[in-house]
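Okay, so here's the structure we're looking at.
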Amino acid sequence: MHANGQARRAGNTFSGGPVPALLPHTRRTFATAVRSGGPGQVRRARAGPWIFGGRRAPLTATVARMADESFTHPRLAALYDPLQADRGDLDAYLDLAGRLGARTVLDIGCGTGVFALLLAARGAEVVGVDPARACLDVARAKPGAEHVCWIHGDAVALPPPQVDLVAMTANTAQEITGPRAWHTTLARAFEALRPGGHLVFETRDPARRAWEGWNRDATRTVTDLPGAGAVETWADLVAVDGALVTFRWTYVFATDGQVLTSTSTLRFRERAEVEADLAAHGFALHDVRGAPDRPGRELVFIATRPPRPSPDARPAAGTARPQGT
Ligand SMILES: C[S@@+](CC[C@H](N)C(=O)[O-])C[C@H]1O[C@@H](n2cnc3c(N)ncnc32)[C@H](O)[C@@H]1O
């Protein structure tokens, strides 16, 4: 579903409180460390070796799965922001980042860079990664893009930073449909976090069966976009195969009559499944909450990479390893 689907949001927050600014700029060591080709430059997977945190980190993988046409076709990627005019969904993420004091953030599936740029404007050092080059081209053309490090790839392509926060906004987690890609993403997110850092992402609650509303009657809109003219869009459900839901967006451009389609598949994960996956990768679950702008529809997971045990820590009684094992 296009970004957050039918949800157009008011500017709420997770906590109901105001959205604080992040901490002021400190040293720009995080983003600048991964940027060897100039600010705001899109980097390709396999473009390594990377310099990160003073270390060279060779890239070992390519983009695992091409993103949908909505994100990869330049004409459609250019529509993403105008069609998602209300990004109140990001307020809760900004609020969380502020409350956590996140100075360094990794935005997986950053798309057109809306969240990454909001964070950077608040003083965070941000790396945005996305497999859709057309989205990244939109992102790096925006004011302030030079303050973000853009990486063309998926989580597999990440060097090993130690960030305070890893985020996947706007149901990006559902775009990662394959079990291998999903587990790799979680593993890389864990590695990317410093001990004590947080991972936050949302996924639609399967119990709400959002796909039942993904039909032409319920989704058709005609939007007059500056520079692009009127664009008619609608979604059609194509198939439901267990947890995988496939649908197709159609875009009709009034200016020249061009018709483009984008077929997407999303994975709807149950809460228990996500919790088990997080635990399997070593995360401690901090909270599962709703998205305030889409009450009852989303599951928002906040997980922590557990802090390193103190070197002085002693095993709890009864947990000592038996001799000889
Ligand atoms: C709905 S958009 C959300 C973009 C952005 N997070 C936002 O808030 O606007 C989903 C994004 O996930 C990206 N994506 C698809 N597969 C991915 C993967 N395996 N890893 C990372 N990002 C992926 C797409 O290219 C797209 O930009």
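We label chains A, B, ... in the order they appear in the structure tokens, count residues from 1 in each chain, and number ligands from 1 in the order shown.
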Give me, as an MDAnalysis selection string, the set of residues whose atoms come within 9 Å of any atom of ligand 1, counting only C-alpha atoms and all ligand atoms.
chainID A and resid 1:5 63:72 77 80:81 84 87 89:90 107:116 129:136 153:156 167:178 181:182 185
As a PyMOL selection string, please: every residue in segment 182-227 of chain A that DSSP puts in helix (DSSP H, G or I).
chain A and resi 182-192+206-208+210-213+216-219
For the residues selected in the previous step, produce a file with N, CA and C atoms as an mmCIF file, in the first residue's frame.
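Wrote result-v2.cif, looks like this:
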data_model
loop_
_atom_site.group_PDB
_atom_site.id
_atom_site.type_symbol
_atom_site.label_atom_id
_atom_site.label_comp_id
_atom_site.auth_asym_id
_atom_site.auth_seq_id
_atom_site.Cartn_x
_atom_site.Cartn_y
_atom_site.Cartn_z
ATOM 1 N N TRP A 182 14.471 -10.468 5.694
ATOM 2 C CA TRP A 182 13.965 -9.950 6.962
ATOM 3 C C TRP A 182 14.953 -10.233 8.105
ATOM 4 N N HIS A 183 15.416 -11.471 8.158
ATOM 5 C CA HIS A 183 16.335 -11.824 9.244
ATOM 6 C C HIS A 183 17.681 -11.115 9.066
ATOM 7 N N THR A 184 18.079 -10.945 7.827
ATOM 8 C CA THR A 184 19.319 -10.200 7.607
ATOM 9 C C THR A 184 19.153 -8.745 8.052
ATOM 10 N N THR A 185 17.994 -8.195 7.765
ATOM 11 C CA THR A 185 17.740 -6.798 8.172
ATOM 12 C C THR A 185 17.800 -6.667 9.691
ATOM 13 N N LEU A 186 17.165 -7.601 10.389
ATOM 14 C CA LEU A 186 17.195 -7.529 11.857
ATOM 15 C C LEU A 186 18.613 -7.724 12.386
ATOM 16 N N ALA A 187 19.326 -8.660 11.770
ATOM 17 C CA ALA A 187 20.696 -8.904 12.226
ATOM 18 C C ALA A 187 21.561 -7.665 12.009
ATOM 19 N N ARG A 188 21.417 -7.042 10.841
ATOM 20 C CA ARG A 188 22.223 -5.850 10.553
ATOM 21 C C ARG A 188 21.800 -4.664 11.414
ATOM 22 N N ALA A 189 20.509 -4.584 11.692
ATOM 23 C CA ALA A 189 20.048 -3.511 12.577
ATOM 24 C C ALA A 189 20.664 -3.687 13.968
ATOM 25 N N PHE A 190 20.699 -4.922 14.428
ATOM 26 C CA PHE A 190 21.296 -5.198 15.748
ATOM 27 C C PHE A 190 22.772 -4.805 15.756
ATOM 28 N N GLU A 191 23.468 -5.232 14.694
ATOM 29 C CA GLU A 191 24.908 -4.919 14.611
ATOM 30 C C GLU A 191 25.143 -3.419 14.510
ATOM 31 N N ALA A 192 24.206 -2.722 13.865
ATOM 32 C CA ALA A 192 24.388 -1.284 13.653
ATOM 33 C C ALA A 192 24.186 -0.487 14.926
ATOM 34 N N PRO A 206 -2.159 -7.485 11.304
ATOM 35 C CA PRO A 206 -2.910 -8.342 10.369
ATOM 36 C C PRO A 206 -4.366 -8.524 10.781
ATOM 37 N N ALA A 207 -4.625 -8.418 12.081
ATOM 38 C CA ALA A 207 -5.999 -8.623 12.543
ATOM 39 C C ALA A 207 -6.956 -7.606 11.931
ATOM 40 N N ARG A 208 -6.455 -6.488 11.506
ATOM 41 C CA ARG A 208 -7.314 -5.454 10.918
ATOM 42 C C ARG A 208 -7.595 -5.673 9.439
ATOM 43 N N ALA A 210 -6.266 -4.920 6.568
ATOM 44 C CA ALA A 210 -6.311 -3.653 5.830
ATOM 45 C C ALA A 210 -6.543 -3.868 4.339
ATOM 46 N N TRP A 211 -6.049 -4.993 3.823
ATOM 47 C CA TRP A 211 -6.136 -5.247 2.393
ATOM 48 C C TRP A 211 -7.572 -5.332 1.888
ATOM 49 N N GLU A 212 -8.500 -5.567 2.804
ATOM 50 C CA GLU A 212 -9.894 -5.651 2.359
ATOM 51 C C GLU A 212 -10.413 -4.307 1.845
ATOM 52 N N GLY A 213 -9.704 -3.249 2.209
ATOM 53 C CA GLY A 213 -10.099 -1.927 1.708
ATOM 54 C C GLY A 213 -9.263 -1.471 0.528
ATOM 55 N N ARG A 216 -10.483 -0.229 -5.901
ATOM 56 C CA ARG A 216 -10.570 1.041 -6.620
ATOM 57 C C ARG A 216 -11.560 2.007 -5.960
ATOM 58 N N ASP A 217 -12.711 1.501 -5.572
ATOM 59 C CA ASP A 217 -13.727 2.392 -4.994
ATOM 60 C C ASP A 217 -13.215 3.088 -3.737
ATOM 61 N N ALA A 218 -12.510 2.325 -2.913
ATOM 62 C CA ALA A 218 -12.086 2.880 -1.619
ATOM 63 C C ALA A 218 -10.821 3.721 -1.714
ATOM 64 N N THR A 219 -10.050 3.541 -2.782
ATOM 65 C CA THR A 219 -8.724 4.192 -2.808
ATOM 66 C C THR A 219 -8.570 5.238 -3.910
#
For the strand (DSSP E) assignment from backbone DSSP, which residues of segment 66-303 of chain A qualify? Please present them as an NGL selection string.
:A and (104-108 or 125-130 or 148-152 or 163-168 or 193-204 or 221-225 or 229-241 or 244-253 or 259-267 or 284-289 or 298-303)
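The nearest approach to Ala228 of chain A among the residues A:Glu270, A:Asp256, A:Asp91, A:Asp205, with only C-alpha atoms taken into account, belongs to A:Asp256.
Across A:His73, A:His281, A:Arg308, A:Arg180, the tightest approach to Leu199 of chain A is made by A:His281 when counting only C-alpha atoms.
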